[in-house]
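Quick look at model-v1.cif (mmCIF, C-alpha atoms):
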```cif
data_entry
#
loop_
_atom_site.group_PDB
_atom_site.id
_atom_site.type_symbol
_atom_site.label_atom_id
_atom_site.label_comp_id
_atom_site.auth_asym_id
_atom_site.auth_seq_id
_atom_site.Cartn_x
_atom_site.Cartn_y
_atom_site.Cartn_z
ATOM 1 C CA MET A 1 -7.826 -37.974 -25.036
ATOM 2 C CA ALA A 2 -10.514 -35.504 -24.024
ATOM 3 C CA ASP A 3 -9.481 -32.171 -22.617
ATOM 4 C CA GLU A 4 -9.711 -31.574 -18.873
ATOM 5 C CA GLN A 5 -12.816 -29.394 -19.249
ATOM 6 C CA SER A 6 -14.927 -32.186 -20.758
ATOM 7 C CA VAL A 7 -14.296 -35.068 -18.344
ATOM 8 C CA LEU A 8 -15.694 -36.024 -14.965
ATOM 9 C CA THR A 9 -14.150 -37.907 -12.120
ATOM 10 C CA VAL A 10 -16.694 -40.282 -10.572
ATOM 11 C CA SER A 11 -16.193 -42.032 -7.231
ATOM 12 C CA ILE A 12 -18.571 -44.236 -5.270
ATOM 13 C CA VAL A 13 -17.791 -44.819 -1.618
ATOM 14 C CA THR A 14 -19.521 -46.826 1.115
ATOM 15 C CA PRO A 15 -18.766 -47.372 4.797
ATOM 16 C CA ASP A 16 -16.698 -50.382 3.642
ATOM 17 C CA GLY A 17 -14.481 -48.277 1.380
ATOM 18 C CA ASN A 18 -14.132 -47.174 -2.222
ATOM 19 C CA VAL A 19 -16.303 -49.225 -4.610
ATOM 20 C CA TYR A 20 -15.777 -47.441 -7.942
ATOM 21 C CA ASP A 21 -13.459 -44.849 -9.517
ATOM 22 C CA ASN A 22 -13.418 -43.443 -13.035
ATOM 23 C CA GLY A 23 -11.290 -40.404 -13.814
ATOM 24 C CA GLN A 24 -12.294 -40.312 -17.488
ATOM 25 C CA ALA A 25 -16.106 -40.232 -17.509
ATOM 26 C CA LYS A 26 -18.281 -38.166 -19.799
ATOM 27 C CA LEU A 27 -21.709 -38.840 -18.224
ATOM 28 C CA LEU A 28 -23.100 -39.945 -14.868
ATOM 29 C CA VAL A 29 -26.783 -40.861 -14.554
ATOM 30 C CA VAL A 30 -28.314 -41.469 -11.117
ATOM 31 C CA LYS A 31 -31.833 -41.827 -9.771
ATOM 32 C CA THR A 32 -32.610 -39.235 -7.106
ATOM 33 C CA GLN A 33 -35.661 -39.037 -4.868
ATOM 34 C CA LEU A 34 -37.149 -36.641 -7.457
ATOM 35 C CA GLY A 35 -36.224 -38.502 -10.653
ATOM 36 C CA GLU A 36 -33.241 -39.183 -12.900
ATOM 37 C CA LEU A 37 -30.306 -36.801 -12.936
ATOM 38 C CA GLY A 38 -27.723 -36.739 -15.704
ATOM 39 C CA ILE A 39 -24.438 -34.996 -15.000
ATOM 40 C CA MET A 40 -21.890 -34.024 -17.642
ATOM 41 C CA ALA A 41 -18.741 -31.939 -17.375
ATOM 42 C CA ASN A 42 -19.222 -28.361 -16.168
ATOM 43 C CA HIS A 43 -22.667 -29.111 -14.700
ATOM 44 C CA VAL A 44 -23.731 -26.703 -11.973
ATOM 45 C CA PRO A 45 -22.815 -27.900 -8.469
ATOM 46 C CA VAL A 46 -25.473 -30.157 -6.991
ATOM 47 C CA ILE A 47 -26.198 -32.325 -3.971
ATOM 48 C CA ALA A 48 -29.087 -34.788 -4.134
ATOM 49 C CA SER A 49 -30.295 -37.753 -2.120
ATOM 50 C CA LEU A 50 -30.393 -40.992 -4.080
ATOM 51 C CA ALA A 51 -33.048 -43.644 -4.465
ATOM 52 C CA VAL A 52 -32.250 -47.345 -4.413
ATOM 53 C CA ASP A 53 -31.359 -47.797 -8.085
ATOM 54 C CA GLU A 54 -28.437 -48.064 -10.466
ATOM 55 C CA ALA A 55 -25.809 -45.469 -11.270
ATOM 56 C CA ARG A 56 -24.612 -45.468 -14.885
ATOM 57 C CA VAL A 57 -21.248 -44.070 -15.935
ATOM 58 C CA GLN A 58 -20.190 -43.572 -19.560
ATOM 59 C CA SER A 59 -16.468 -43.306 -20.190
ATOM 60 C CA VAL A 60 -14.884 -40.781 -22.546
ATOM 61 C CA SER A 61 -13.375 -43.685 -24.488
ATOM 62 C CA GLY A 62 -16.888 -44.784 -25.484
ATOM 63 C CA ASP A 63 -16.258 -48.422 -24.549
ATOM 64 C CA GLY A 64 -19.655 -49.007 -22.974
ATOM 65 C CA GLU A 65 -21.288 -48.079 -19.747
ATOM 66 C CA ASP A 66 -20.465 -49.114 -16.178
ATOM 67 C CA GLU A 67 -23.482 -49.988 -14.056
ATOM 68 C CA ILE A 68 -23.364 -49.954 -10.282
ATOM 69 C CA ALA A 69 -26.184 -50.984 -7.919
ATOM 70 C CA VAL A 70 -26.430 -48.119 -5.415
ATOM 71 C CA ASN A 71 -28.519 -48.474 -2.277
ATOM 72 C CA GLY A 72 -29.458 -45.009 -1.125
ATOM 73 C CA GLY A 73 -27.100 -42.267 -0.044
ATOM 74 C CA PHE A 74 -26.397 -39.041 -1.882
ATOM 75 C CA VAL A 75 -24.453 -37.598 -4.806
ATOM 76 C CA GLU A 76 -22.361 -34.441 -4.601
ATOM 77 C CA PHE A 77 -21.001 -32.780 -7.728
ATOM 78 C CA SER A 78 -18.724 -29.749 -8.119
ATOM 79 C CA ASP A 79 -15.620 -28.856 -10.121
ATOM 80 C CA ASN A 80 -16.157 -31.847 -12.443
ATOM 81 C CA VAL A 81 -15.914 -34.320 -9.544
ATOM 82 C CA ALA A 82 -18.926 -36.471 -8.657
ATOM 83 C CA THR A 83 -18.888 -38.386 -5.410
ATOM 84 C CA ILE A 84 -21.599 -40.837 -4.457
ATOM 85 C CA VAL A 85 -21.733 -41.744 -0.783
ATOM 86 C CA ALA A 86 -23.972 -44.788 -0.447
ATOM 87 C CA ASP A 87 -25.084 -47.172 2.264
ATOM 88 C CA SER A 88 -23.870 -49.975 0.000
ATOM 89 C CA ALA A 89 -22.960 -50.358 -3.668
ATOM 90 C CA GLU A 90 -21.827 -53.151 -5.987
ATOM 91 C CA LYS A 91 -20.422 -53.109 -9.490
ATOM 92 C CA GLN A 92 -22.430 -55.161 -11.964
ATOM 93 C CA SER A 93 -19.641 -57.726 -12.357
ATOM 94 C CA GLU A 94 -19.435 -58.301 -8.586
ATOM 95 C CA ILE A 95 -23.106 -58.995 -7.862
ATOM 96 C CA ASP A 96 -23.859 -62.538 -6.689
ATOM 97 C CA VAL A 97 -27.252 -63.150 -8.327
ATOM 98 C CA ASP A 98 -28.034 -66.257 -6.238
ATOM 99 C CA ARG A 99 -27.388 -64.307 -3.058
ATOM 100 C CA ALA A 100 -29.593 -61.462 -4.324
ATOM 101 C CA GLN A 101 -32.384 -63.924 -5.207
ATOM 102 C CA ASN A 102 -32.183 -65.398 -1.697
ATOM 103 C CA ALA A 103 -32.311 -61.904 -0.187
ATOM 104 C CA LYS A 104 -35.410 -61.188 -2.281
ATOM 105 C CA LYS A 105 -37.140 -64.335 -1.020
ATOM 106 C CA ARG A 106 -36.237 -63.514 2.590
ATOM 107 C CA ALA A 107 -37.556 -59.959 2.195
ATOM 108 C CA GLU A 108 -40.821 -61.202 0.662
ATOM 109 C CA ALA A 109 -41.260 -63.602 3.601
ATOM 110 C CA ARG A 110 -40.546 -60.779 6.063
ATOM 111 C CA ILE A 111 -43.138 -58.591 4.325
ATOM 112 C CA GLN A 112 -45.768 -61.303 4.594
ATOM 113 C CA LYS A 113 -44.943 -61.903 8.260
ATOM 114 C CA ALA A 114 -44.989 -58.164 9.034
ATOM 115 C CA ASN A 115 -48.362 -57.769 7.326
ATOM 116 C CA GLU A 116 -49.806 -60.630 9.379
ATOM 117 C CA ALA A 117 -48.435 -59.111 12.606
ATOM 118 C CA HIS A 118 -49.453 -55.545 11.581
ATOM 119 C CA ASP A 119 -45.872 -54.440 12.331
ATOM 120 C CA LYS A 120 -45.399 -51.235 10.312
ATOM 121 C CA ASP A 121 -41.739 -50.768 11.268
ATOM 122 C CA GLU A 122 -40.746 -54.286 10.224
ATOM 123 C CA LEU A 123 -42.809 -53.891 7.050
ATOM 124 C CA ALA A 124 -40.903 -50.713 6.126
ATOM 125 C CA ARG A 125 -37.519 -52.391 6.752
ATOM 126 C CA ALA A 126 -38.542 -55.460 4.738
ATOM 127 C CA GLU A 127 -39.724 -53.294 1.827
ATOM 128 C CA VAL A 128 -36.340 -51.529 1.729
ATOM 129 C CA ALA A 129 -34.575 -54.916 1.761
ATOM 130 C CA LEU A 130 -36.792 -56.063 -1.119
ATOM 131 C CA ARG A 131 -36.018 -52.909 -3.162
ATOM 132 C CA ARG A 132 -32.290 -53.441 -2.600
ATOM 133 C CA ALA A 133 -32.461 -57.102 -3.650
ATOM 134 C CA ILE A 134 -34.483 -56.295 -6.769
ATOM 135 C CA ASN A 135 -32.060 -53.485 -7.658
ATOM 136 C CA ARG A 136 -29.098 -55.876 -7.446
ATOM 137 C CA ILE A 137 -30.918 -58.486 -9.563
ATOM 138 C CA ASN A 138 -31.853 -55.879 -12.199
ATOM 139 C CA VAL A 139 -28.318 -54.455 -12.444
ATOM 140 C CA ALA A 140 -26.770 -57.932 -12.619
ATOM 141 C CA GLY A 141 -29.175 -58.984 -15.363
ATOM 142 C CA LYS A 142 -28.147 -56.263 -17.825
#
```
Can you present the structure in this file as structure tokens?
Amino acid sequence: MADEQSVLTVSIVTPDGNVYDNGQAKLLVVKTQLGELGIMANHVPVIASLAVDEARVQSVSGDGEDEIAVNGGFVEFSDNVATIVADSAEKQSEIDVDRAQNAKKRAEARIQKANEAHDKDELARAEVALRRAINRINVAGK
């Protein structure tokens, strides 16, 4: 087992509750608004807003990587504890690909309709919905 100084605790929470916990992680990789951020043990404290993308967590045991579709929010890291607070998040194994495909089609239809109506607000909401659906499809497909 790794010593306490070389492990992270990673938690992902949403308004619906706790989605993911790993008390024995060695690396967390998230996509922020400014690019990718990798966090290992003893990283300087940081708070960053997240893009709609995946979060990847490598365990100390080396038995692969957990992938979680994260839809916005922020990450806070200090004292070897990383907490992601997201609008929504799903573990790779829990993503319903058919549902995500349907959400993608609905978002594409909303984008087309918003473009025809010149509705900028609806277009922005539909584009976010499309990014979320594509993120879920990409994470599920790995």
Expansion of the PyMOL selection byres ((chain A and resi 43-46) around 12) into residues, as a ChimeraX atom specification
/A:5-8,26-28,32,37-42,47-49,74-84
Quick one: everything within 12 Å of Asn18 in chain A, counting all atoms listed in the file, minus sequence neighbours fewer than 3 positions away in the same chain. Send it as an MDAnalysis selection string.
chainID A and resid 10:15 21:22 83:91
Given the PyMOL selection byres ((chain A and resi 52) around 10) and the file above, list the residues it selects as a short mmCIF file (atom, residue, chain, number, x, y, z; two decimals) with C-alpha atoms, in the coordinates of the input.
```cif
data_model
loop_
_atom_site.label_atom_id
_atom_site.label_comp_id
_atom_site.auth_asym_id
_atom_site.auth_seq_id
_atom_site.Cartn_x
_atom_site.Cartn_y
_atom_site.Cartn_z
CA VAL A 30 -28.31 -41.47 -11.12
CA LYS A 31 -31.83 -41.83 -9.77
CA THR A 32 -32.61 -39.24 -7.11
CA GLN A 33 -35.66 -39.04 -4.87
CA LEU A 50 -30.39 -40.99 -4.08
CA ALA A 51 -33.05 -43.64 -4.46
CA ASP A 53 -31.36 -47.80 -8.09
CA GLU A 54 -28.44 -48.06 -10.47
CA ALA A 55 -25.81 -45.47 -11.27
CA ALA A 69 -26.18 -50.98 -7.92
CA VAL A 70 -26.43 -48.12 -5.42
CA ASN A 71 -28.52 -48.47 -2.28
CA GLY A 72 -29.46 -45.01 -1.12
CA GLY A 73 -27.10 -42.27 -0.04
CA ALA A 86 -23.97 -44.79 -0.45
CA ASP A 87 -25.08 -47.17 2.26
CA SER A 88 -23.87 -49.98 0.00
CA ALA A 89 -22.96 -50.36 -3.67
CA VAL A 128 -36.34 -51.53 1.73
CA ARG A 131 -36.02 -52.91 -3.16
CA ARG A 132 -32.29 -53.44 -2.60
CA ALA A 133 -32.46 -57.10 -3.65
CA ILE A 134 -34.48 -56.30 -6.77
CA ASN A 135 -32.06 -53.48 -7.66
CA ARG A 136 -29.10 -55.88 -7.45
#
```
Counting all atoms listed in the file, figure out which residue out of A:Arg56, A:Lys120, A:Lys105, A:Lys113 gets nearest to Tyr20 in chain A.
A:Arg56
Would you kindly translate the PyMOL selection byres ((chain A and resi 103) around 9) into the concrete residues it picks from this file, as a PyMOL selection string?
chain A and resi 98-102+104-108+129-130+132-134
What are the centre and edge lengths in Å, to one decimal, of the axis-aligned box around all listed atoms of range 82-85 of chain A with 6 Å added on each side, as AutoDock Vina command-line options?
```
--center_x -20.3 --center_y -39.1 --center_z -4.7 --size_x 14.8 --size_y 17.3 --size_z 19.9
```
From CA of Gln24 in chain A to CA of Thr9 in chain A the spacing works out at 6.2 Å
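When CA of Val29 in chain A is paired with CA of Val139 in chain A, their separation reads 13.8 Å.
CA of Val57 in chain A is found 13.3 Å from CA of Glu36 in chain A.
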Local residues around (-9.9, -43.0, -24.2), at most 12 Å away, using only C-alpha atoms, as a PyMOL selection string
chain A and resi 1-3+7+22-26+58-64
Excluding Ser93 in chain A and its own-chain neighbours fewer than 3 positions away, which residues fall within 10 Å of it when counting all atoms listed in the file? Please give them as a ChimeraX atom specification.
/A:66-68,90,96,139-140
Given the selection you just returned, output its residues as a file containing C-alpha atoms, formatted as a PDB file, keeping the file's coordinate frame.
```
ATOM      1  CA  ASP A  66     -20.465 -49.114 -16.178  1.00  0.00           C
ATOM      2  CA  GLU A  67     -23.482 -49.988 -14.056  1.00  0.00           C
ATOM      3  CA  ILE A  68     -23.364 -49.954 -10.282  1.00  0.00           C
ATOM      4  CA  GLU A  90     -21.827 -53.151  -5.987  1.00  0.00           C
ATOM      5  CA  ASP A  96     -23.859 -62.538  -6.689  1.00  0.00           C
ATOM      6  CA  VAL A 139     -28.318 -54.455 -12.444  1.00  0.00           C
ATOM      7  CA  ALA A 140     -26.770 -57.932 -12.619  1.00  0.00           C
TER       8      ALA A 140
END
```
Could you model all heavy atoms for range 67-78 of chain A and present them as a PDB file, keeping the file's coordinate frame?
```pdb
ATOM      1  N   GLU A  67     -22.255 -50.044 -14.841  1.00  0.00           N
ATOM      2  CA  GLU A  67     -23.482 -49.988 -14.056  1.00  0.00           C
ATOM      3  C   GLU A  67     -23.171 -50.458 -12.641  1.00  0.00           C
ATOM      4  O   GLU A  67     -22.549 -51.495 -12.447  1.00  0.00           O
ATOM      5  CB  GLU A  67     -24.560 -50.853 -14.693  1.00  0.00           C
ATOM      6  CG  GLU A  67     -24.968 -50.308 -16.051  1.00  0.00           C
ATOM      7  CD  GLU A  67     -25.880 -51.235 -16.815  1.00  0.00           C
ATOM      8  OE1 GLU A  67     -26.128 -52.363 -16.356  1.00  0.00           O
ATOM      9  OE2 GLU A  67     -26.344 -50.831 -17.887  1.00  0.00           O
ATOM     10  N   ILE A  68     -23.642 -49.673 -11.680  1.00  0.00           N
ATOM     11  CA  ILE A  68     -23.364 -49.954 -10.282  1.00  0.00           C
ATOM     12  C   ILE A  68     -24.685 -49.909  -9.525  1.00  0.00           C
ATOM     13  O   ILE A  68     -25.445 -48.932  -9.638  1.00  0.00           O
ATOM     14  CB  ILE A  68     -22.385 -48.915  -9.674  1.00  0.00           C
ATOM     15  CG1 ILE A  68     -21.078 -48.859 -10.485  1.00  0.00           C
ATOM     16  CG2 ILE A  68     -22.077 -49.246  -8.222  1.00  0.00           C
ATOM     17  CD1 ILE A  68     -21.016 -47.801 -11.514  1.00  0.00           C
ATOM     18  N   ALA A  69     -24.989 -50.969  -8.770  1.00  0.00           N
ATOM     19  CA  ALA A  69     -26.184 -50.984  -7.919  1.00  0.00           C
ATOM     20  C   ALA A  69     -25.883 -50.130  -6.697  1.00  0.00           C
ATOM     21  O   ALA A  69     -24.971 -50.429  -5.934  1.00  0.00           O
ATOM     22  CB  ALA A  69     -26.526 -52.410  -7.517  1.00  0.00           C
ATOM     23  N   VAL A  70     -26.641 -49.050  -6.522  1.00  0.00           N
ATOM     24  CA  VAL A  70     -26.430 -48.119  -5.415  1.00  0.00           C
ATOM     25  C   VAL A  70     -27.661 -48.165  -4.511  1.00  0.00           C
ATOM     26  O   VAL A  70     -28.783 -48.026  -4.989  1.00  0.00           O
ATOM     27  CB  VAL A  70     -26.197 -46.686  -5.942  1.00  0.00           C
ATOM     28  CG1 VAL A  70     -26.072 -45.705  -4.804  1.00  0.00           C
ATOM     29  CG2 VAL A  70     -24.964 -46.637  -6.830  1.00  0.00           C
ATOM     30  N   ASN A  71     -27.420 -48.362  -3.233  1.00  0.00           N
ATOM     31  CA  ASN A  71     -28.519 -48.474  -2.277  1.00  0.00           C
ATOM     32  C   ASN A  71     -28.586 -47.250  -1.386  1.00  0.00           C
ATOM     33  O   ASN A  71     -28.027 -47.207  -0.302  1.00  0.00           O
ATOM     34  CB  ASN A  71     -28.356 -49.754  -1.443  1.00  0.00           C
ATOM     35  CG  ASN A  71     -28.485 -50.981  -2.304  1.00  0.00           C
ATOM     36  OD1 ASN A  71     -29.377 -51.061  -3.131  1.00  0.00           O
ATOM     37  ND2 ASN A  71     -27.585 -51.927  -2.142  1.00  0.00           N
ATOM     38  N   GLY A  72     -29.266 -46.224  -1.889  1.00  0.00           N
ATOM     39  CA  GLY A  72     -29.458 -45.009  -1.125  1.00  0.00           C
ATOM     40  C   GLY A  72     -28.214 -44.148  -1.079  1.00  0.00           C
ATOM     41  O   GLY A  72     -27.277 -44.331  -1.842  1.00  0.00           O
ATOM     42  N   GLY A  73     -28.231 -43.176  -0.177  1.00  0.00           N
ATOM     43  CA  GLY A  73     -27.100 -42.267  -0.044  1.00  0.00           C
ATOM     44  C   GLY A  73     -27.355 -40.956  -0.753  1.00  0.00           C
ATOM     45  O   GLY A  73     -28.502 -40.532  -0.919  1.00  0.00           O
ATOM     46  N   PHE A  74     -26.261 -40.310  -1.178  1.00  0.00           N
ATOM     47  CA  PHE A  74     -26.397 -39.041  -1.882  1.00  0.00           C
ATOM     48  C   PHE A  74     -25.265 -38.880  -2.885  1.00  0.00           C
ATOM     49  O   PHE A  74     -24.249 -39.555  -2.818  1.00  0.00           O
ATOM     50  CB  PHE A  74     -26.445 -37.850  -0.910  1.00  0.00           C
ATOM     51  CG  PHE A  74     -25.171 -37.623  -0.150  1.00  0.00           C
ATOM     52  CD1 PHE A  74     -24.201 -36.766  -0.635  1.00  0.00           C
ATOM     53  CD2 PHE A  74     -24.940 -38.271   1.053  1.00  0.00           C
ATOM     54  CE1 PHE A  74     -23.018 -36.552   0.062  1.00  0.00           C
ATOM     55  CE2 PHE A  74     -23.770 -38.056   1.764  1.00  0.00           C
ATOM     56  CZ  PHE A  74     -22.809 -37.206   1.268  1.00  0.00           C
ATOM     57  N   VAL A  75     -25.477 -37.955  -3.829  1.00  0.00           N
ATOM     58  CA  VAL A  75     -24.453 -37.598  -4.806  1.00  0.00           C
ATOM     59  C   VAL A  75     -24.122 -36.123  -4.609  1.00  0.00           C
ATOM     60  O   VAL A  75     -25.014 -35.314  -4.342  1.00  0.00           O
ATOM     61  CB  VAL A  75     -24.906 -37.867  -6.264  1.00  0.00           C
ATOM     62  CG1 VAL A  75     -26.131 -37.052  -6.638  1.00  0.00           C
ATOM     63  CG2 VAL A  75     -23.773 -37.593  -7.250  1.00  0.00           C
ATOM     64  N   GLU A  76     -22.832 -35.814  -4.679  1.00  0.00           N
ATOM     65  CA  GLU A  76     -22.361 -34.441  -4.601  1.00  0.00           C
ATOM     66  C   GLU A  76     -21.499 -34.207  -5.832  1.00  0.00           C
ATOM     67  O   GLU A  76     -20.658 -35.021  -6.170  1.00  0.00           O
ATOM     68  CB  GLU A  76     -21.540 -34.236  -3.322  1.00  0.00           C
ATOM     69  CG  GLU A  76     -21.103 -32.803  -3.085  1.00  0.00           C
ATOM     70  CD  GLU A  76     -19.748 -32.470  -3.672  1.00  0.00           C
ATOM     71  OE1 GLU A  76     -18.911 -33.376  -3.819  1.00  0.00           O
ATOM     72  OE2 GLU A  76     -19.517 -31.297  -4.002  1.00  0.00           O
ATOM     73  N   PHE A  77     -21.761 -33.098  -6.533  1.00  0.00           N
ATOM     74  CA  PHE A  77     -21.001 -32.780  -7.728  1.00  0.00           C
ATOM     75  C   PHE A  77     -20.564 -31.330  -7.692  1.00  0.00           C
ATOM     76  O   PHE A  77     -21.367 -30.422  -7.463  1.00  0.00           O
ATOM     77  CB  PHE A  77     -21.832 -33.011  -8.999  1.00  0.00           C
ATOM     78  CG  PHE A  77     -21.096 -32.628 -10.248  1.00  0.00           C
ATOM     79  CD1 PHE A  77     -20.161 -33.477 -10.802  1.00  0.00           C
ATOM     80  CD2 PHE A  77     -21.313 -31.399 -10.850  1.00  0.00           C
ATOM     81  CE1 PHE A  77     -19.450 -33.117 -11.943  1.00  0.00           C
ATOM     82  CE2 PHE A  77     -20.613 -31.028 -11.997  1.00  0.00           C
ATOM     83  CZ  PHE A  77     -19.685 -31.892 -12.537  1.00  0.00           C
ATOM     84  N   SER A  78     -19.262 -31.095  -7.913  1.00  0.00           N
ATOM     85  CA  SER A  78     -18.724 -29.749  -8.119  1.00  0.00           C
ATOM     86  C   SER A  78     -17.336 -29.879  -8.717  1.00  0.00           C
ATOM     87  O   SER A  78     -16.651 -30.881  -8.519  1.00  0.00           O
ATOM     88  CB  SER A  78     -18.680 -28.948  -6.808  1.00  0.00           C
ATOM     89  OG  SER A  78     -17.790 -29.535  -5.902  1.00  0.00           O
TER      90      SER A  78
END
```
